[in-house]
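Raw contents of run-v6.cif, mmCIF, C-alpha atoms:
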data_query
loop_
_atom_site.label_atom_id
_atom_site.label_comp_id
_atom_site.auth_asym_id
_atom_site.auth_seq_id
_atom_site.Cartn_x
_atom_site.Cartn_y
_atom_site.Cartn_z
CA MET A 1 -56.28 63.07 100.64
CA THR A 2 -55.83 60.17 98.24
CA GLU A 3 -57.88 59.56 95.11
CA SER A 4 -59.63 56.66 96.88
CA HIS A 5 -60.92 59.07 99.51
CA LEU A 6 -62.36 61.17 96.72
CA SER A 7 -64.45 58.33 95.38
CA LYS A 8 -68.23 58.21 95.23
CA LEU A 9 -68.21 57.17 98.91
CA TYR A 10 -66.69 60.52 99.89
CA TRP A 11 -69.26 62.43 97.85
CA ASP A 12 -72.13 60.36 99.20
CA GLU A 13 -71.03 61.09 102.78
CA ASN A 14 -70.02 64.74 102.49
CA TYR A 15 -72.49 65.91 99.85
CA ALA A 16 -75.61 64.04 100.95
CA ASP A 17 -77.56 67.31 101.05
CA PRO A 18 -75.63 69.72 98.78
CA GLU A 19 -78.42 72.27 98.38
CA THR A 20 -77.92 73.30 102.01
CA MET A 21 -74.13 73.62 101.78
CA ASP A 22 -72.19 76.88 101.87
CA GLY A 23 -70.78 77.63 98.43
CA VAL A 24 -73.54 75.62 96.74
CA CYS A 25 -76.91 76.96 97.87
CA ASN A 26 -75.49 80.49 98.16
CA ALA A 27 -73.00 80.44 95.28
CA LYS A 28 -74.60 83.55 93.74
CA GLU A 29 -74.17 85.50 96.95
CA HIS A 30 -70.50 84.50 97.21
CA ALA A 31 -69.82 85.68 93.65
CA ARG A 32 -71.68 88.97 94.09
CA TYR A 33 -69.90 89.64 97.39
CA LEU A 34 -66.50 89.13 95.78
CA LYS A 35 -67.43 91.23 92.75
CA ALA A 36 -68.41 94.11 95.05
CA ILE A 37 -65.11 93.96 96.95
CA PHE A 38 -63.04 94.11 93.78
CA GLU A 39 -65.14 96.91 92.30
CA LEU A 40 -64.70 98.92 95.49
CA GLU A 41 -60.91 98.61 95.19
CA ASP A 42 -60.94 99.11 91.40
CA ILE A 43 -59.50 95.65 90.66
CA SER A 44 -60.18 93.95 87.32
CA ILE A 45 -60.59 90.16 87.22
CA LYS A 46 -59.96 88.70 83.77
CA SER A 47 -58.83 85.18 84.67
CA ILE A 48 -60.07 82.65 87.23
CA ALA A 49 -58.76 79.31 88.49
CA ASP A 50 -60.69 76.94 90.75
CA PHE A 51 -58.54 74.49 92.70
CA GLY A 52 -61.05 71.76 93.47
CA PHE A 53 -64.27 72.80 91.74
CA GLY A 54 -66.34 69.85 92.98
CA MET A 55 -69.91 70.27 91.80
CA GLY A 56 -68.91 73.46 89.97
CA LYS A 57 -71.68 75.63 91.42
CA LEU A 58 -69.36 78.30 92.79
CA LEU A 59 -67.15 78.28 89.70
CA ASP A 60 -70.16 78.73 87.42
CA GLU A 61 -71.39 81.73 89.39
CA MET A 62 -67.95 83.34 89.45
CA ILE A 63 -67.80 83.03 85.67
CA ARG A 64 -71.26 84.55 85.23
CA VAL A 65 -70.47 87.50 87.50
CA PHE A 66 -66.91 88.28 86.36
CA ASN A 67 -67.17 87.26 82.70
CA PRO A 68 -63.45 86.35 82.54
CA LYS A 69 -61.45 85.69 79.39
CA LEU A 70 -59.62 82.68 80.84
CA VAL A 71 -60.92 79.97 83.20
CA TYR A 72 -59.06 76.98 84.57
CA GLY A 73 -60.42 74.32 86.90
CA LEU A 74 -58.93 71.27 88.53
CA GLU A 75 -60.66 68.49 90.44
CA PRO A 76 -58.98 65.28 91.65
CA SER A 77 -62.15 63.22 92.03
CA ASP A 78 -63.08 61.36 88.86
CA PHE A 79 -66.64 61.11 90.17
CA ALA A 80 -67.06 64.88 90.61
CA TYR A 81 -65.03 65.71 87.51
CA GLN A 82 -67.21 63.57 85.24
CA LEU A 83 -70.41 65.01 86.74
CA TYR A 84 -69.26 68.54 85.92
CA VAL A 85 -67.95 67.75 82.45
CA LYS A 86 -71.26 66.16 81.44
CA LYS A 87 -73.13 69.41 82.10
CA ARG A 88 -72.38 71.46 79.00
CA ARG A 89 -72.46 75.21 79.42
CA SER A 90 -73.02 77.50 76.47
CA TRP A 91 -70.43 80.04 77.65
CA GLN A 92 -67.66 77.43 77.58
CA LYS A 93 -67.37 78.02 73.83
CA LYS A 94 -66.98 81.78 74.28
CA ILE A 95 -63.98 81.80 76.65
CA ASP A 96 -60.65 80.02 77.04
CA PHE A 97 -61.93 77.24 79.31
CA ARG A 98 -59.70 74.41 80.54
CA LEU A 99 -60.21 71.58 83.02
CA ASP A 100 -57.80 69.03 84.52
CA LYS A 101 -58.55 65.92 86.58
CA LEU A 102 -55.70 66.58 88.95
CA ASP A 103 -55.05 67.22 92.63
CA LEU A 104 -53.61 70.47 93.94
CA LEU A 105 -50.18 69.09 94.85
CA ASN A 106 -49.56 67.44 91.48
CA TRP A 107 -50.75 70.61 89.77
CA GLY A 108 -48.19 72.57 91.79
CA GLN A 109 -45.42 70.23 90.72
CA LYS A 110 -46.46 70.27 87.09
CA LYS A 111 -44.08 72.20 84.88
CA GLN A 112 -45.62 75.16 83.13
CA ARG A 113 -44.84 75.71 79.45
CA LYS A 114 -44.75 79.39 80.21
CA PHE A 115 -45.28 81.47 83.31
CA THR A 116 -49.01 81.69 83.84
CA HIS A 117 -50.86 83.42 86.64
CA PHE A 118 -54.52 84.09 87.34
CA ASP A 119 -56.13 87.20 88.73
CA LEU A 120 -58.38 85.16 91.01
CA GLY A 121 -58.05 81.71 92.50
CA ILE A 122 -60.79 79.79 94.31
CA CYS A 123 -59.90 77.23 96.95
CA SER A 124 -63.00 76.19 98.87
CA SER A 125 -62.81 73.47 101.55
CA VAL A 126 -59.63 71.83 100.27
CA PHE A 127 -56.89 72.52 102.81
CA GLN A 128 -58.50 70.42 105.57
CA TYR A 129 -57.60 67.36 103.50
CA LEU A 130 -53.90 68.28 103.26
CA SER A 131 -51.13 67.73 105.79
CA ALA A 132 -49.23 70.74 107.16
CA GLU A 133 -46.22 69.72 105.06
CA GLU A 134 -48.37 69.59 101.93
CA ILE A 135 -49.86 73.01 102.68
CA LEU A 136 -46.41 74.57 103.08
CA GLN A 137 -45.39 72.92 99.83
CA ILE A 138 -48.29 74.27 97.77
CA LEU A 139 -48.66 77.79 99.26
CA PRO A 140 -45.58 79.35 97.57
CA VAL A 141 -46.75 77.93 94.24
CA LEU A 142 -50.24 79.32 94.71
CA SER A 143 -48.89 82.74 95.66
CA LYS A 144 -46.99 82.90 92.38
CA ARG A 145 -49.88 81.68 90.23
CA VAL A 146 -52.77 83.71 91.68
CA LYS A 147 -52.91 87.36 92.69
CA PHE A 148 -55.95 86.86 94.93
CA LEU A 149 -57.33 83.69 96.49
CA TYR A 150 -60.93 83.23 97.60
CA PHE A 151 -60.30 80.76 100.40
CA THR A 152 -62.40 78.79 102.88
CA VAL A 153 -61.48 76.02 105.29
CA PRO A 154 -63.21 74.77 108.46
CA THR A 155 -61.25 75.14 111.69
CA ASP A 156 -61.47 72.59 114.50
CA LYS A 157 -64.21 74.63 116.18
CA GLU A 158 -66.26 74.76 112.99
CA LEU A 159 -65.91 71.01 112.53
CA ASP A 160 -67.25 70.58 116.08
CA ILE A 161 -70.18 72.91 115.33
CA GLN A 162 -71.01 70.94 112.18
CA LYS A 163 -71.03 67.72 114.18
CA ASN A 164 -72.97 69.01 117.17
CA ASP A 165 -75.49 71.29 115.46
CA ILE A 166 -76.30 69.54 112.20
CA GLY A 167 -74.96 66.03 112.82
CA PHE A 168 -72.36 66.23 110.04
CA TYR A 169 -69.01 64.55 110.68
CA ASP A 170 -66.25 64.77 108.08
CA ARG A 171 -64.00 61.85 108.91
CA PHE A 172 -61.58 62.80 106.13
CA ALA A 173 -60.78 66.30 107.46
CA ASN A 174 -57.70 67.27 109.47
CA ARG A 175 -58.39 69.29 112.61
CA ARG A 176 -56.52 72.60 112.94
CA SER A 177 -57.13 75.74 114.93
CA LYS A 178 -57.67 79.19 113.47
CA GLN A 179 -54.15 80.19 114.56
CA GLU A 180 -52.59 77.14 112.93
CA TYR A 181 -54.16 78.04 109.59
CA LEU A 182 -53.19 81.70 109.92
CA ASN A 183 -49.60 80.72 110.68
CA LEU A 184 -49.47 78.47 107.62
CA LEU A 185 -51.06 81.00 105.29
CA SER A 186 -48.98 83.96 106.49
CA SER A 187 -45.88 82.66 104.72
CA SER A 188 -47.39 83.43 101.31
CA PHE A 189 -50.63 85.39 101.68
CA THR A 190 -52.13 88.38 103.46
CA LEU A 191 -55.72 88.28 104.68
CA VAL A 192 -57.41 91.43 103.31
CA SER A 193 -61.12 90.67 103.75
CA SER A 194 -63.48 87.88 104.75
CA ARG A 195 -62.35 84.79 102.80
CA LEU A 196 -60.07 86.87 100.58
CA LEU A 197 -56.29 86.44 100.52
CA GLU A 198 -53.77 88.60 98.67
CA SER A 199 -50.54 87.11 97.31
CA LYS A 200 -47.33 88.30 98.96
CA PHE A 201 -45.50 87.49 95.73
CA TYR A 202 -47.36 90.31 93.95
CA PHE A 203 -48.27 92.77 96.70
CA ASN A 204 -47.06 94.41 99.87
CA GLU A 205 -48.25 97.41 101.91
CA LYS A 206 -46.90 99.85 99.31
CA THR A 207 -48.27 98.11 96.20
CA THR A 208 -51.58 96.71 97.47
CA HIS A 209 -54.97 97.85 96.21
CA PHE A 210 -56.29 97.20 99.73
CA THR A 211 -54.96 100.34 101.39
CA GLU A 212 -56.93 100.05 104.64
CA LEU A 213 -53.84 98.70 106.39
CA LEU A 214 -55.63 98.05 109.68
CA PHE A 215 -57.39 95.08 108.06
CA ARG A 216 -54.29 93.46 106.56
CA VAL A 217 -53.52 90.36 108.64
#
Entire entry expressed as C-alpha cells:
Amino acid sequence: MTESHLSKLYWDENYADPETMDGVCNAKEHARYLKAIFELEDISIKSIADFGFGMGKLLDEMIRVFNPKLVYGLEPSDFAYQLYVKKRRSWQKKIDFRLDKLDLLNWGQKKQRKFTHFDLGICSSVFQYLSAEEILQILPVLSKRVKFLYFTVPTDKELDIQKNDIGFYDRFANRRSKQEYLNLLSSSFTLVSSRLLESKFYFNEKTTHFTELLFRV
C-alpha cells in the first residue's frame, strides 16, 4: 500500500467507528491474553516492536501489561503517526521509546547499526495491504528481528463476513485464503497459539518454549 492510500481518506473509510474494532475496543483483553500465554510458558518479554501501530491503542496496552524496557513503533501514515505522537504518555519518559514514520518494507531494508531483535513484535492488520512478493521479502527480516509475533490478518472469508454482516468493505485489502497466508508464513514462522507466531530463526521443536508439539503448525 502506498503512502497516498494511507492518507486521511483511508482512515476515514476504515476507521469510521474505531471503538467497535478488534484490537481497539478490546485492546486490554488482547494484552492480557498474550501476557497469560507467555507466563504459562515462562517466557519473559522485555522489548516490544509494533509494525504499524495506527491509533496506538493495542501498543499502549501491551506496554502497560508487559512493562518492557525497550519499545519501538513504526507507522507509515503521517495522519495516524501525528495523532499518536500528539498524545503524550507519562511512561514514555521511563523506557527506551522510539517511533519511526516508516512502512514495513522500508524498515526491513534499513541497515541496522547493530543487530537488534525484539522479544515481541505486533503486526495487526497489515499484511492484507502487501503483495505476496512483498510478504516473502519482509518475512525473513521479521523472523530475525522478533522472537514472537502477535499477528492478525483478515482472510478472504473474513473480508466477505465484514462486508455482508456489518457493511464494511475494505477496498484497499488484498484477498487471500487461509491456506495462502499459512503457506507464506510457514517459510519463517511457526503458529503456536491463536494469533501468536514463533520465529523459525530462533526456535525449532527442540528449542521452543511451546512444547505441546501437536499445536505447532
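Closest approach to A:Leu142 from the set A:Glu205, A:Asp119, A:Asp170, A:Glu39 is made by A:Asp119, with distances taken over only C-alpha atoms.
For the choices A:Glu180, A:Glu198, A:Asp100, A:Asp60, the atom-to-atom distance to A:Phe148 is smallest for A:Glu198 when using all atoms listed in the file.
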Problem - All residues 8 Å or closer to A:Leu196, only C-alpha atoms, same chain fewer than 3 positions away omitted, as a VMD selection string - result: chain A and resid 148 to 151 191 to 193
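Take the candidates A:Lys163, A:His117, A:Arg176, A:Lys86 and check each one against A:Ala132 using only C-alpha atoms; the shortest distance goes to A:Arg176.
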Practice task
For the point (-44.0, 91.3, 95.5) in the file's frame, write as a list in words all residues with an atom no more than 12 Å away, counting all atoms listed in the file.
Solution key: Ser143, Lys144, Lys147, Ser188, Phe189, Thr190, Glu198, Ser199, Lys200, Phe201, Tyr202, Phe203, Asn204, Glu205, Lys206, Thr207 and Thr208 of chain A
Exercise for the section: List the residues selected by the PyMOL selection byres ((chain A and resi 156) around 6) in the file shown, writing them as a PyMOL selection string. Expected result: chain A and resi 155+157-159+175-177
Can you spit out the residues from that selection as a PDB file, in the coordinates of the input, using C-alpha atoms?
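And here's selection11.pdb as it stands now:
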ATOM      1  CA  THR A 155     -61.250  75.140 111.690  1.00  0.00           C
ATOM      2  CA  LYS A 157     -64.210  74.630 116.180  1.00  0.00           C
ATOM      3  CA  GLU A 158     -66.260  74.760 112.990  1.00  0.00           C
ATOM      4  CA  LEU A 159     -65.910  71.010 112.530  1.00  0.00           C
ATOM      5  CA  ARG A 175     -58.390  69.290 112.610  1.00  0.00           C
ATOM      6  CA  ARG A 176     -56.520  72.600 112.940  1.00  0.00           C
ATOM      7  CA  SER A 177     -57.130  75.740 114.930  1.00  0.00           C
TER       8      SER A 177
END
Practice task
For A:Lys28, work out the shell of residues within 8 Å, counting all atoms listed in the file and skipping chain neighbours fewer than 4 positions away, then give it as number ranges by chain.
Solution key: A: 32, 58, 61-62
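In this structure, atom CA of A:Arg145 sits 22.1 Å away from atom CA of A:Arg64.
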